[in-house]
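Step one of this worksheet: look at the structure below.
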Amino acid sequence: MVKSRRRKHRAEGTAHRAHARAGLTAVASVATVTTVILTVAGSLLTPSEASGVRIVRFPTRTVTATKTVTATATATVTATATVPGPTATTTVTATATVPGPTVTATPSATPTATSDIKTLTDFTQQSAGLFLGSGQLLGTGVDRTIYRLPADTSTKTDPSTGTNQLKLIRTGGLSSGNPTAVDIGGFTVEGTDQLPSLQAYGGIVVGYGTGSRVHDVKVTGIPGYASRPPGETFSLALFHADAATLTNVTLDGYRTSDGAQVAATLLGYNYTTGVHRITNLKANHALYGFGLAMFQASGTYTFDGGCDLSDNRKAINIEQSIGGTVYNFDGCDFRGTTGAPYVAQVTSINSSSQVYFRDPVVDSWPLKVNCYSPSALSGANKQLDSDIHLIIHGVDVSNDPTKLQITHQ
């Protein structure tokens, strides 16, 4: 495979779904000058969860405020409703002119927030730009704290075989002998274009440990070029990270600096076990790999809270799942899968795993899942079609071929 340096722009990628816009148009144009004198008399307040015998008293205060404001407002709103399955959209537009007072004021100056850019090393800390063995890595917000490696500065080269070990941020234990949980959140990690000798590297990896937390994190533009090593990289990977919690995590295959779509696989679980909960996950625009890839996972995994796995080459790869593992995909969005006619591919070893799709959002019915055949994995595939479940509005419709179809490609 000939590798070349790609700088593909967002306009060349998969077209995004059109989103409705609409509303209520209101124009008001009246100038008034209002002088308000507010006198707040002492009051008696009892906290709702406190004892009724304790009373908090507030002293009398007088507040004087003078403000003059002139404003003209125009707004347009469209209501859009999305239901499980094919999207149903209802648009209502109303226009009205509403007379009324407009407030004019000269507000005090508000400081403009600027991002805190944190420069990563050239993969010098345990093959990472930053290494956190244990504890916390907490920023001040995804729009405020940004980690990145400066463009065209790395001296590293792509491996020719095996798994790519280069990561922008590595956290948690490095082996089973030193497992440690971490708490990371409140920041963005941005992939950047490097020299042609380095086409692929990972984003964040959470290593050995139990109970790690990843929350309020955004990762963009982590480059890769295949759906298997060494070209497969992960925007966020959990490696022997057991019973972890992911909340408010956004993984996007587009690179922020130039809009190129570069990602291989976005979220990966490898050799993990325990009870995992994933809430409010957005994993979109994987060009070469999957929105979600899980290898030899065991335990229970619940994806809920509006999980979005839309607009990926393939949505889900559950590979060599350890028998008895339970996967719950509750209300997940699988629209825009471009690289296969199915939203998930599943194989299991030892025994079959249970996979539940509850109220999925799809382009069209039936929902398709590929379970391969018993001869897959050199005859080791134990996944049963009957252990793939589709539930809509609380009703199991797994046996309805117009709603669920199992393939064996």
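So you can find residues: chains in the structure tokens are A, B, ... in the order shown, residues in each start at 1, and ligands are numbered from 1 in order.
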**Item:** Distance query Cys371 of chain A at most 8 Å, only C-alpha atoms, self and fewer than 2 positions along chain excluded, as a VMD selection string
**Value:** chain A and resid 345 to 347 369 373 383 to 385 406 to 409
**Message:** Set the distance at 8 Å and use only C-alpha atoms: which residues neighbour segment 207-209 of chain A once local chain neighbours fewer than 2 positions away are removed? I'd like the list as a ChimeraX atom specification.
**Reply:** /A:170-176,178-182,205,211-212,238-242
Keeping only N, CA and C atoms, write the selected residues as a PDB file, in the first residue's frame.
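Okay, this is what ended up in result.pdb:
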ATOM      1  N   ARG A 170      -1.067   9.527  27.081  1.00  0.00           N
ATOM      2  CA  ARG A 170      -1.169   8.180  27.635  1.00  0.00           C
ATOM      3  C   ARG A 170      -1.434   8.303  29.136  1.00  0.00           C
ATOM      4  N   THR A 171      -2.447   7.580  29.636  1.00  0.00           N
ATOM      5  CA  THR A 171      -2.800   7.660  31.048  1.00  0.00           C
ATOM      6  C   THR A 171      -3.017   6.263  31.611  1.00  0.00           C
ATOM      7  N   GLY A 172      -2.971   6.154  32.943  1.00  0.00           N
ATOM      8  CA  GLY A 172      -3.245   4.894  33.613  1.00  0.00           C
ATOM      9  C   GLY A 172      -2.022   4.014  33.712  1.00  0.00           C
ATOM     10  N   GLY A 173      -2.236   2.787  34.238  1.00  0.00           N
ATOM     11  CA  GLY A 173      -1.135   1.859  34.420  1.00  0.00           C
ATOM     12  C   GLY A 173      -0.575   1.352  33.109  1.00  0.00           C
ATOM     13  N   LEU A 174       0.724   1.000  33.137  1.00  0.00           N
ATOM     14  CA  LEU A 174       1.389   0.511  31.942  1.00  0.00           C
ATOM     15  C   LEU A 174       1.370  -1.007  31.832  1.00  0.00           C
ATOM     16  N   SER A 175       1.022  -1.698  32.927  1.00  0.00           N
ATOM     17  CA  SER A 175       0.975  -3.158  32.905  1.00  0.00           C
ATOM     18  C   SER A 175       0.043  -3.628  34.007  1.00  0.00           C
ATOM     19  N   SER A 176      -0.218  -4.946  34.022  1.00  0.00           N
ATOM     20  CA  SER A 176      -1.081  -5.506  35.063  1.00  0.00           C
ATOM     21  C   SER A 176      -0.440  -5.410  36.442  1.00  0.00           C
ATOM     22  N   ASN A 178       0.932  -2.711  37.700  1.00  0.00           N
ATOM     23  CA  ASN A 178       0.727  -1.383  38.312  1.00  0.00           C
ATOM     24  C   ASN A 178      -0.562  -0.739  37.819  1.00  0.00           C
ATOM     25  N   PRO A 179      -1.717  -1.387  38.004  1.00  0.00           N
ATOM     26  CA  PRO A 179      -2.975  -0.791  37.534  1.00  0.00           C
ATOM     27  C   PRO A 179      -3.352   0.427  38.368  1.00  0.00           C
ATOM     28  N   THR A 180      -3.727   1.507  37.714  1.00  0.00           N
ATOM     29  CA  THR A 180      -4.135   2.728  38.408  1.00  0.00           C
ATOM     30  C   THR A 180      -5.260   3.401  37.640  1.00  0.00           C
ATOM     31  N   ALA A 181      -6.271   3.845  38.354  1.00  0.00           N
ATOM     32  CA  ALA A 181      -7.372   4.571  37.723  1.00  0.00           C
ATOM     33  C   ALA A 181      -6.997   6.034  37.560  1.00  0.00           C
ATOM     34  N   VAL A 182      -7.577   6.688  36.567  1.00  0.00           N
ATOM     35  CA  VAL A 182      -7.334   8.111  36.331  1.00  0.00           C
ATOM     36  C   VAL A 182      -8.660   8.819  36.158  1.00  0.00           C
ATOM     37  N   VAL A 205      -5.059   7.301  25.249  1.00  0.00           N
ATOM     38  CA  VAL A 205      -5.235   5.924  25.685  1.00  0.00           C
ATOM     39  C   VAL A 205      -5.337   5.911  27.205  1.00  0.00           C
ATOM     40  N   GLY A 211     -12.054   1.612  37.178  1.00  0.00           N
ATOM     41  CA  GLY A 211     -12.832   2.762  37.605  1.00  0.00           C
ATOM     42  C   GLY A 211     -12.374   4.097  37.059  1.00  0.00           C
ATOM     43  N   SER A 212     -11.649   4.114  35.957  1.00  0.00           N
ATOM     44  CA  SER A 212     -11.220   5.393  35.381  1.00  0.00           C
ATOM     45  C   SER A 212     -12.416   6.176  34.851  1.00  0.00           C
ATOM     46  N   LEU A 238      -9.410   2.487  25.294  1.00  0.00           N
ATOM     47  CA  LEU A 238      -9.307   1.928  26.633  1.00  0.00           C
ATOM     48  C   LEU A 238      -8.641   0.565  26.504  1.00  0.00           C
ATOM     49  N   PHE A 239      -7.505   0.396  27.188  1.00  0.00           N
ATOM     50  CA  PHE A 239      -6.680  -0.793  27.071  1.00  0.00           C
ATOM     51  C   PHE A 239      -6.507  -1.405  28.444  1.00  0.00           C
ATOM     52  N   HIS A 240      -7.197  -2.517  28.700  1.00  0.00           N
ATOM     53  CA  HIS A 240      -7.218  -3.121  30.039  1.00  0.00           C
ATOM     54  C   HIS A 240      -7.730  -2.122  31.080  1.00  0.00           C
ATOM     55  N   ALA A 241      -8.524  -1.168  30.673  1.00  0.00           N
ATOM     56  CA  ALA A 241      -9.136  -0.200  31.589  1.00  0.00           C
ATOM     57  C   ALA A 241     -10.528  -0.717  31.927  1.00  0.00           C
ATOM     58  N   ASP A 242     -10.683  -1.280  33.116  1.00  0.00           N
ATOM     59  CA  ASP A 242     -11.906  -1.980  33.486  1.00  0.00           C
ATOM     60  C   ASP A 242     -12.896  -1.068  34.205  1.00  0.00           C
TER      61      ASP A 242
END
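Here atom CA of Thr163 of chain A and atom CA of Ala264 of chain A stand 13.1 Å from one another.
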**Asked** So how far away is atom CA of Ala344 of chain A from atom CA of Leu390 of chain A, in Å?
**Response**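 Atom-to-atom, atom CA of Leu390 of chain A to atom CA of Ala344 of chain A, that is 12.7 Å.
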**Prompt:** With only C-alpha atoms as the basis for distance, which of A:Gly323, A:Ala128, A:Leu120, A:Gly133 is at the shortest distance from Tyr147 of chain A?
**Reply:** A:Leu120
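The neighbours of Ser353 of chain A here are the residues that come within 7 Å of it, using only C-alpha atoms and leaving out any residue fewer than 5 positions away in the same chain; they are Ser321, Gly323, Gly324, Thr325, Val326, Ser348, Gln383 and Asp387 of chain A.
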Could you pull the residues within 10 Å of Pro150 of chain A, counting only C-alpha atoms, minus those fewer than 4 positions along the same chain, as a PDB file with N, CA and C atoms, in the first residue's frame?
ATOM      1  N   LYS A 118      -1.686  23.977  25.141  1.00  0.00           N
ATOM      2  CA  LYS A 118      -0.621  23.244  25.821  1.00  0.00           C
ATOM      3  C   LYS A 118       0.108  22.386  24.800  1.00  0.00           C
ATOM      4  N   THR A 119       1.408  22.643  24.658  1.00  0.00           N
ATOM      5  CA  THR A 119       2.215  21.977  23.645  1.00  0.00           C
ATOM      6  C   THR A 119       2.703  20.625  24.152  1.00  0.00           C
ATOM      7  N   LEU A 120       2.484  19.585  23.363  1.00  0.00           N
ATOM      8  CA  LEU A 120       2.914  18.237  23.711  1.00  0.00           C
ATOM      9  C   LEU A 120       4.324  17.971  23.191  1.00  0.00           C
ATOM     10  N   THR A 121       5.019  17.034  23.833  1.00  0.00           N
ATOM     11  CA  THR A 121       6.354  16.672  23.382  1.00  0.00           C
ATOM     12  C   THR A 121       6.266  15.736  22.187  1.00  0.00           C
ATOM     13  N   ASP A 122       7.400  15.477  21.579  1.00  0.00           N
ATOM     14  CA  ASP A 122       7.463  14.619  20.399  1.00  0.00           C
ATOM     15  C   ASP A 122       7.468  13.142  20.812  1.00  0.00           C
ATOM     16  N   SER A 154       7.238  16.536  14.366  1.00  0.00           N
ATOM     17  CA  SER A 154       7.637  15.239  14.889  1.00  0.00           C
ATOM     18  C   SER A 154       8.743  14.610  14.053  1.00  0.00           C
ATOM     19  N   GLU A 190      -6.180  17.969  19.919  1.00  0.00           N
ATOM     20  CA  GLU A 190      -6.257  18.194  18.481  1.00  0.00           C
ATOM     21  C   GLU A 190      -5.117  17.489  17.765  1.00  0.00           C
ATOM     22  N   GLY A 191      -5.466  16.649  16.804  1.00  0.00           N
ATOM     23  CA  GLY A 191      -4.453  16.074  15.935  1.00  0.00           C
ATOM     24  C   GLY A 191      -3.988  17.097  14.917  1.00  0.00           C
ATOM     25  N   THR A 192      -2.733  17.033  14.562  1.00  0.00           N
ATOM     26  CA  THR A 192      -2.165  17.971  13.590  1.00  0.00           C
ATOM     27  C   THR A 192      -1.426  17.196  12.505  1.00  0.00           C
ATOM     28  N   ASP A 193      -1.310  17.796  11.344  1.00  0.00           N
ATOM     29  CA  ASP A 193      -0.606  17.174  10.228  1.00  0.00           C
ATOM     30  C   ASP A 193       0.894  17.188  10.504  1.00  0.00           C
ATOM     31  N   GLN A 194       1.541  16.047  10.281  1.00  0.00           N
ATOM     32  CA  GLN A 194       2.977  15.960  10.483  1.00  0.00           C
ATOM     33  C   GLN A 194       3.672  15.679   9.148  1.00  0.00           C
TER      34      GLN A 194
END
Which residues come within 7 Å of Tyr269 of chain A, counting only C-alpha atoms, excluding same-chain residues fewer than 5 positions away, as a short mmCIF file (atom, residue, chain, number, x, y, z; two decimals) with N, CA and C atoms, in the first residue's frame?
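So around_6.cif came out as:
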data_model
loop_
_atom_site.label_atom_id
_atom_site.label_comp_id
_atom_site.auth_asym_id
_atom_site.auth_seq_id
_atom_site.Cartn_x
_atom_site.Cartn_y
_atom_site.Cartn_z
N ALA A 237 -8.82 5.32 23.27
CA ALA A 237 -8.76 3.87 23.43
C ALA A 237 -8.68 3.52 24.91
N LEU A 238 -9.41 2.49 25.29
CA LEU A 238 -9.31 1.93 26.63
C LEU A 238 -8.64 0.57 26.50
N PHE A 239 -7.51 0.40 27.19
CA PHE A 239 -6.68 -0.79 27.07
C PHE A 239 -6.51 -1.40 28.44
N ALA A 293 -14.93 0.28 18.02
CA ALA A 293 -14.35 -1.04 17.82
C ALA A 293 -14.01 -1.64 19.17
N MET A 294 -14.42 -2.91 19.39
CA MET A 294 -14.22 -3.58 20.67
C MET A 294 -13.58 -4.94 20.40
N PHE A 295 -12.43 -5.21 21.05
CA PHE A 295 -11.70 -6.44 20.80
C PHE A 295 -11.52 -7.22 22.09
N ALA A 297 -13.53 -8.03 24.44
CA ALA A 297 -14.12 -7.36 25.61
C ALA A 297 -15.03 -8.34 26.35
#
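Residue nearest Ile322 of chain A, chosen from A:Leu404, A:Ile349, A:Ala151, A:Val362 and counting only C-alpha atoms: A:Ile349.
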**Request:** Can you list, as number ranges by chain, all residues belonging to segment 208-240 of chain A that DSSP tags as strand (DSSP E or B)?
**Result:** A: 208-210, 213-220, 234-239
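What separates atom CA of Asn317 of chain A from atom CA of Ile169 of chain A is a distance of 24.0 Å.
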**Request:** Write out as JSON, numbers by chain each polymer residue whose atoms come within 10 Å of segment 287-291 of chain A, counting only C-alpha atoms; drop sequence neighbours fewer than 2 positions from it.
**Result:** {"A": [13, 14, 223, 224, 225, 226, 227, 228, 231, 232, 233, 234, 235, 251, 252, 253, 254, 261, 262, 263, 264, 265, 266, 267, 268, 282, 283, 284, 285, 293, 294, 308, 309, 310, 311, 312, 313, 314, 315, 316, 317, 334, 337, 338, 339, 344]}
**Request:** Please provide as a list in words all residues within 6 Å of Thr279 of chain A, with the sequence filter that same-chain residues fewer than 2 positions apart are discarded (counting only C-alpha atoms).
**Result:** Thr247, Leu281, Asp304 and Gly305 of chain A
